[in-house]
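**Student:** There's a structure below that I have some questions on.
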Amino acid sequence: MAAVAHLNPPNSPSLSERRRNHNFRLLSVVSASGKSKLRVNGINGFPSDDPFLSLRVAFQGSHGAYSEFAAKTAIPSCTTLPCRSFSDAIAAVENGRADRAILPVESTMEGTALRNYDLLLRRDLRIAQEISLFVHYCLLAMPGVRTTELRRVISHPMALAHCGRAISQLGLRREPVEDTAGAVQMLRSHRLLDTAAIASPRAALLYGLDVLADGLQDASWNVTRFLLLSKPVTAATTVSGKAKTSMVVAHRGGSMMVLLKVLSAFSSRNINLAKLEVNNPSIEGQGPVMVLDVRAMGSLRAFSHLIYVDFEGSTEDLRVQEALEEIAGFSVFVRILGCYAADSNVYDLHY
């Protein structure tokens, strides 16, 4: 089996040493201006002085999934609730079993996860927070297993796709499973000695596996943006710091004219856009997108053209209110998906 030149075993402490040091780690905050490190203490290495002490966050997957790590990074002292699907995570908030649901919505390698946006549009939840996570893939195996003994690798289909070059160099057979942490669970419960899993370094610590190689991803810069969703709040909430608002604009007919009008409504008021994306499912032969109209007794409406917009500013700002009024005048439907604190940082947890 060919060796992989660029995949060296991580220079990290032994598993027992990592466990002893598990309550003190470094959380790196990576931004455009450079990298700074924040000293943290607490359970799982996350800060303990968090105001959201009792929040429950539902996520898709098993314990050790990247979504759980993102939830713990966003709300360090939260309790996490694993769910079988993203829809189940949203339902957990709706029925009161959780206070938040976390969904991955964009990645630098895959673009926008429109399926998860569709779930948001169909339900009466609001975006309460955003978090961007550097996705670091590791090759995990049972303790004592060497790379030369492996014959196959299991993981989520997206993780297998993101690590295609490394898997080919290792000569391993790929087998997709529901999620990365679920692959680790399968590896551990069945004691598979000829199989590796692709998952996070946190999953290795959680399940007591060896990290045979790290940095498996084909692209060195692999970032996923997550949204935390909550039930609508009746009272107006004040966003501390820089605010961001997400919205969806529905229209009929050609997208270009409406797109230009949306741009004009914001640019004429010096409002910066963070995201602008057109969803036209008919191009791929798909049916219309269903959107819950929260103003019309919760009825679902079908639209063939949607524009997703993230912009800087709060719905409490006068300029924003004027822009939204102008957009509502030429569009069929406008829905605010949430107003929340903007966070442009990219987070990464090391050993």
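Labeling convention for the structure tokens: chains A, B, ... as they appear, residues from 1 per chain, ligands from 1 in order of appearance.
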Name the residues in contact with Lys275 of chain A at a cut-off of 9 Å, using only C-alpha atoms, excluding same-chain residues fewer than 5 positions from it; report them as a list in words.

**Tutor:**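 After dropping sequence-adjacent residues, the list is Ser246, Tyr308, Val309, Asp310 and Phe311 of chain A.
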
**Student:** Using only C-alpha atoms, which residues sit within 10 Å of segment 93-99 of chain A once same-chain residues fewer than 3 positions away are excluded, as an MDAnalysis selection string?

**Tutor:** chainID A and resid 54:59 78:81 88:90 123:125 228:231

**Student:** In terms of the shortest atom-to-atom distance over only C-alpha atoms, which of A:Val135, A:Ala183, A:Ile336, A:Val258 is closest to Asn222 of chain A?

**Tutor:**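 Looking only at the distances to Asn222 of chain A, the closest residue turns out to be A:Val135.
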
**Student:** Based on the backbone DSSP call, show me all residues of segment 197-330 of chain A assigned helix (DSSP H, G or I), as a ChimeraX atom specification.

**Tutor:** /A:201-207,255-267,281-284,318-330

**Student:** Filtering to N, CA and C atoms, could you give me those residues as an mmCIF file, in the first residue's frame?

**Tutor:**
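Once everything was written out, this is again.cif:
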```cif
data_model
loop_
_atom_site.group_PDB
_atom_site.id
_atom_site.type_symbol
_atom_site.label_atom_id
_atom_site.label_comp_id
_atom_site.auth_asym_id
_atom_site.auth_seq_id
_atom_site.Cartn_x
_atom_site.Cartn_y
_atom_site.Cartn_z
ATOM 1 N N PRO A 201 -10.741 15.324 15.463
ATOM 2 C CA PRO A 201 -9.843 14.936 16.570
ATOM 3 C C PRO A 201 -10.599 14.821 17.886
ATOM 4 N N ARG A 202 -11.673 15.575 18.033
ATOM 5 C CA ARG A 202 -12.473 15.480 19.251
ATOM 6 C C ARG A 202 -13.142 14.110 19.352
ATOM 7 N N ALA A 203 -13.564 13.566 18.217
ATOM 8 C CA ALA A 203 -14.169 12.231 18.228
ATOM 9 C C ALA A 203 -13.156 11.177 18.654
ATOM 10 N N ALA A 204 -11.878 11.369 18.270
ATOM 11 C CA ALA A 204 -10.843 10.426 18.688
ATOM 12 C C ALA A 204 -10.698 10.414 20.198
ATOM 13 N N LEU A 205 -10.724 11.601 20.798
ATOM 14 C CA LEU A 205 -10.637 11.688 22.253
ATOM 15 C C LEU A 205 -11.864 11.075 22.917
ATOM 16 N N LEU A 206 -13.020 11.359 22.354
ATOM 17 C CA LEU A 206 -14.279 10.928 22.961
ATOM 18 C C LEU A 206 -14.417 9.409 22.962
ATOM 19 N N TYR A 207 -13.958 8.752 21.898
ATOM 20 C CA TYR A 207 -14.148 7.309 21.754
ATOM 21 C C TYR A 207 -12.865 6.503 21.966
ATOM 22 N N SER A 255 -35.077 36.501 -12.770
ATOM 23 C CA SER A 255 -34.393 36.836 -11.525
ATOM 24 C C SER A 255 -33.543 38.091 -11.637
ATOM 25 N N MET A 256 -33.016 38.391 -12.831
ATOM 26 C CA MET A 256 -32.031 39.446 -12.961
ATOM 27 C C MET A 256 -32.570 40.815 -12.560
ATOM 28 N N MET A 257 -33.765 41.167 -13.009
ATOM 29 C CA MET A 257 -34.321 42.476 -12.698
ATOM 30 C C MET A 257 -34.552 42.631 -11.204
ATOM 31 N N VAL A 258 -35.111 41.611 -10.570
ATOM 32 C CA VAL A 258 -35.359 41.677 -9.127
ATOM 33 C C VAL A 258 -34.040 41.735 -8.374
ATOM 34 N N LEU A 259 -33.064 40.972 -8.844
ATOM 35 C CA LEU A 259 -31.748 40.965 -8.209
ATOM 36 C C LEU A 259 -31.125 42.361 -8.236
ATOM 37 N N LEU A 260 -31.222 43.041 -9.370
ATOM 38 C CA LEU A 260 -30.677 44.397 -9.487
ATOM 39 C C LEU A 260 -31.415 45.375 -8.579
ATOM 40 N N LYS A 261 -32.710 45.199 -8.446
ATOM 41 C CA LYS A 261 -33.490 46.069 -7.568
ATOM 42 C C LYS A 261 -33.118 45.853 -6.099
ATOM 43 N N VAL A 262 -32.890 44.594 -5.730
ATOM 44 C CA VAL A 262 -32.473 44.302 -4.355
ATOM 45 C C VAL A 262 -31.114 44.943 -4.070
ATOM 46 N N LEU A 263 -30.179 44.792 -5.006
ATOM 47 C CA LEU A 263 -28.869 45.421 -4.853
ATOM 48 C C LEU A 263 -28.984 46.931 -4.708
ATOM 49 N N SER A 264 -29.830 47.538 -5.511
ATOM 50 C CA SER A 264 -30.005 48.985 -5.470
ATOM 51 C C SER A 264 -30.589 49.446 -4.137
ATOM 52 N N ALA A 265 -31.540 48.679 -3.601
ATOM 53 C CA ALA A 265 -32.175 49.058 -2.331
ATOM 54 C C ALA A 265 -31.156 49.136 -1.201
ATOM 55 N N PHE A 266 -30.169 48.246 -1.226
ATOM 56 C CA PHE A 266 -29.149 48.251 -0.172
ATOM 57 C C PHE A 266 -28.015 49.220 -0.483
ATOM 58 N N SER A 267 -27.519 49.204 -1.720
ATOM 59 C CA SER A 267 -26.364 50.042 -2.060
ATOM 60 C C SER A 267 -26.685 51.529 -1.960
ATOM 61 N N PRO A 281 -34.813 26.564 -8.569
ATOM 62 C CA PRO A 281 -34.816 25.097 -8.679
ATOM 63 C C PRO A 281 -35.289 24.571 -10.020
ATOM 64 N N SER A 282 -36.035 25.375 -10.768
ATOM 65 C CA SER A 282 -36.545 24.896 -12.056
ATOM 66 C C SER A 282 -35.418 24.631 -13.056
ATOM 67 N N ILE A 283 -34.261 25.279 -12.856
ATOM 68 C CA ILE A 283 -33.129 25.063 -13.751
ATOM 69 C C ILE A 283 -32.674 23.605 -13.702
ATOM 70 N N GLU A 284 -32.764 23.009 -12.503
ATOM 71 C CA GLU A 284 -32.357 21.615 -12.334
ATOM 72 C C GLU A 284 -33.545 20.663 -12.400
ATOM 73 N N LEU A 318 -33.089 52.480 10.905
ATOM 74 C CA LEU A 318 -33.992 53.184 9.998
ATOM 75 C C LEU A 318 -33.649 52.910 8.539
ATOM 76 N N ARG A 319 -32.349 52.909 8.200
ATOM 77 C CA ARG A 319 -31.941 52.659 6.813
ATOM 78 C C ARG A 319 -32.368 51.261 6.372
ATOM 79 N N VAL A 320 -32.229 50.299 7.265
ATOM 80 C CA VAL A 320 -32.629 48.925 6.954
ATOM 81 C C VAL A 320 -34.130 48.850 6.739
ATOM 82 N N GLN A 321 -34.885 49.496 7.582
ATOM 83 C CA GLN A 321 -36.346 49.491 7.459
ATOM 84 C C GLN A 321 -36.784 50.093 6.124
ATOM 85 N N GLU A 322 -36.103 51.159 5.706
ATOM 86 C CA GLU A 322 -36.425 51.781 4.415
ATOM 87 C C GLU A 322 -36.111 50.829 3.262
ATOM 88 N N ALA A 323 -34.964 50.147 3.345
ATOM 89 C CA ALA A 323 -34.588 49.198 2.296
ATOM 90 C C ALA A 323 -35.583 48.043 2.219
ATOM 91 N N LEU A 324 -36.005 47.523 3.363
ATOM 92 C CA LEU A 324 -36.958 46.413 3.391
ATOM 93 C C LEU A 324 -38.311 46.848 2.834
ATOM 94 N N GLU A 325 -38.698 48.070 3.132
ATOM 95 C CA GLU A 325 -39.976 48.590 2.596
ATOM 96 C C GLU A 325 -39.915 48.697 1.080
ATOM 97 N N GLU A 326 -38.760 49.148 0.553
ATOM 98 C CA GLU A 326 -38.610 49.261 -0.899
ATOM 99 C C GLU A 326 -38.656 47.882 -1.553
ATOM 100 N N ILE A 327 -37.970 46.905 -0.958
ATOM 101 C CA ILE A 327 -37.946 45.549 -1.513
ATOM 102 C C ILE A 327 -39.332 44.926 -1.487
ATOM 103 N N ALA A 328 -40.069 45.146 -0.404
ATOM 104 C CA ALA A 328 -41.427 44.602 -0.296
ATOM 105 C C ALA A 328 -42.344 45.167 -1.373
ATOM 106 N N GLY A 329 -42.008 46.355 -1.877
ATOM 107 C CA GLY A 329 -42.847 46.997 -2.882
ATOM 108 C C GLY A 329 -42.779 46.355 -4.251
ATOM 109 N N PHE A 330 -41.650 45.700 -4.589
ATOM 110 C CA PHE A 330 -41.551 45.090 -5.926
ATOM 111 C C PHE A 330 -41.454 43.558 -5.884
#
```

**Student:** Which residues are near Gly298 of chain A? Cut-off 10 Å, only C-alpha atoms, ignore same chain within fewer than 3 positions. Put them as a list in words.

**Tutor:**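 Residues near the query, excluding close chain neighbours: Arg122, Arg123, Asp124, Val291, Leu292, Asp293, Val294, Arg295 and Arg301 of chain A.
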
**Student:** Just want the 8 Å neighbourhood of Val239 of chain A, counted on only C-alpha atoms, with same-chain residues fewer than 3 positions away dropped. Output as JSON, numbers by chain.

**Tutor:** {"A": [242, 243, 314, 339, 340, 341]}

**Student:** Restricting the calculation to only C-alpha atoms: of A:Cys163, A:Ala196, A:Ala219, A:Ala128, which residue gets closest to Glu149 of chain A?

**Tutor:**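 Looking at the shortest contact to Glu149 of chain A, the residue is A:Ala196.
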
**Student:** Residues near Ser304 of chain A, anyone? I mean within 9 Å using only C-alpha atoms, not counting same-chain ones fewer than 2 positions away, as a PyMOL selection string.

**Tutor:** chain A and resi 250-253+279-282+287-290+302+306

**Student:** Please produce a file of those selected residues containing all heavy atoms, as a short mmCIF file (atom, residue, chain, number, x, y, z; two decimals), in the first residue's frame.

**Tutor:**
```cif
data_model
loop_
_atom_site.label_atom_id
_atom_site.label_comp_id
_atom_site.auth_asym_id
_atom_site.auth_seq_id
_atom_site.Cartn_x
_atom_site.Cartn_y
_atom_site.Cartn_z
N ALA A 250 -38.92 36.43 -2.35
CA ALA A 250 -39.54 35.60 -3.38
C ALA A 250 -40.10 36.49 -4.48
O ALA A 250 -40.61 37.58 -4.22
CB ALA A 250 -40.64 34.74 -2.78
N HIS A 251 -40.02 36.01 -5.72
CA HIS A 251 -40.53 36.77 -6.85
C HIS A 251 -40.92 35.81 -7.95
O HIS A 251 -40.59 34.63 -7.92
CB HIS A 251 -39.48 37.76 -7.35
CG HIS A 251 -38.21 37.11 -7.81
ND1 HIS A 251 -37.97 36.79 -9.11
CD2 HIS A 251 -37.13 36.69 -7.11
CE1 HIS A 251 -36.78 36.21 -9.20
NE2 HIS A 251 -36.25 36.14 -8.01
N ARG A 252 -41.62 36.32 -8.92
CA ARG A 252 -42.03 35.51 -10.08
C ARG A 252 -41.39 36.09 -11.33
O ARG A 252 -41.16 37.29 -11.43
CB ARG A 252 -43.54 35.48 -10.20
CG ARG A 252 -44.23 35.04 -8.91
CD ARG A 252 -45.70 34.74 -9.14
NE ARG A 252 -46.42 34.55 -7.87
CZ ARG A 252 -46.38 33.46 -7.14
NH1 ARG A 252 -45.65 32.44 -7.53
NH2 ARG A 252 -47.05 33.37 -6.00
N GLY A 253 -41.10 35.23 -12.29
CA GLY A 253 -40.50 35.71 -13.53
C GLY A 253 -38.99 35.72 -13.43
O GLY A 253 -38.38 35.03 -12.62
N ASN A 279 -31.83 31.21 -5.82
CA ASN A 279 -32.22 29.80 -5.88
C ASN A 279 -33.33 29.66 -6.90
O ASN A 279 -34.45 30.14 -6.70
CB ASN A 279 -32.70 29.33 -4.50
CG ASN A 279 -33.09 27.85 -4.51
OD1 ASN A 279 -32.80 27.12 -5.46
ND2 ASN A 279 -33.76 27.41 -3.46
N ASN A 280 -32.99 29.02 -8.03
CA ASN A 280 -33.96 28.81 -9.09
C ASN A 280 -34.03 27.31 -9.36
O ASN A 280 -33.36 26.79 -10.26
CB ASN A 280 -33.55 29.57 -10.35
CG ASN A 280 -34.58 29.48 -11.45
OD1 ASN A 280 -35.63 28.84 -11.29
ND2 ASN A 280 -34.29 30.09 -12.59
N PRO A 281 -34.81 26.56 -8.57
CA PRO A 281 -34.82 25.10 -8.68
C PRO A 281 -35.29 24.57 -10.02
O PRO A 281 -34.97 23.44 -10.39
CB PRO A 281 -35.76 24.67 -7.55
CG PRO A 281 -36.62 25.86 -7.28
CD PRO A 281 -35.76 27.05 -7.56
N SER A 282 -36.03 25.37 -10.77
CA SER A 282 -36.55 24.90 -12.06
C SER A 282 -35.42 24.63 -13.06
O SER A 282 -35.58 23.84 -13.99
CB SER A 282 -37.52 25.93 -12.64
OG SER A 282 -36.87 27.17 -12.85
N GLY A 287 -39.07 21.03 -8.38
CA GLY A 287 -40.28 21.78 -8.13
C GLY A 287 -40.02 23.05 -7.35
O GLY A 287 -38.88 23.35 -6.99
N PRO A 288 -41.06 23.81 -7.09
CA PRO A 288 -40.90 25.08 -6.38
C PRO A 288 -40.47 24.88 -4.93
O PRO A 288 -40.63 23.80 -4.35
CB PRO A 288 -42.30 25.70 -6.45
CG PRO A 288 -43.22 24.53 -6.60
CD PRO A 288 -42.46 23.53 -7.43
N VAL A 289 -39.92 25.94 -4.34
CA VAL A 289 -39.52 25.92 -2.93
C VAL A 289 -40.72 26.33 -2.08
O VAL A 289 -41.39 27.32 -2.37
CB VAL A 289 -38.34 26.88 -2.68
CG1 VAL A 289 -37.96 26.88 -1.20
CG2 VAL A 289 -37.15 26.50 -3.54
N MET A 290 -40.98 25.56 -1.04
CA MET A 290 -42.10 25.86 -0.14
C MET A 290 -41.60 26.74 1.01
O MET A 290 -40.60 26.42 1.66
CB MET A 290 -42.71 24.58 0.40
CG MET A 290 -43.16 23.60 -0.67
SD MET A 290 -44.37 24.29 -1.82
CE MET A 290 -45.77 24.54 -0.69
N ALA A 302 -45.73 28.35 -2.37
CA ALA A 302 -44.76 27.80 -3.33
C ALA A 302 -44.18 28.93 -4.18
O ALA A 302 -44.93 29.76 -4.72
CB ALA A 302 -45.43 26.76 -4.21
N LEU A 306 -36.19 32.32 -5.59
CA LEU A 306 -35.90 32.89 -4.27
C LEU A 306 -34.53 33.54 -4.29
O LEU A 306 -33.62 33.10 -4.99
CB LEU A 306 -35.92 31.81 -3.18
CG LEU A 306 -37.26 31.19 -2.78
CD1 LEU A 306 -37.02 30.10 -1.75
CD2 LEU A 306 -38.20 32.24 -2.21
#
```

**Student:** So which bits of segment 111-215 of chain A end up strand (DSSP E or B) when you DSSP the backbone, as a ChimeraX atom specification?

**Tutor:** /A:111-112,126-134,138-141,152-155,173-176,195-199,210-214

**Student:** What does the structure give for the distance between atom CA of Arg174 of chain A and atom CA of Leu150 of chain A, in Å to one decimal?

**Tutor:** 11.5 Å
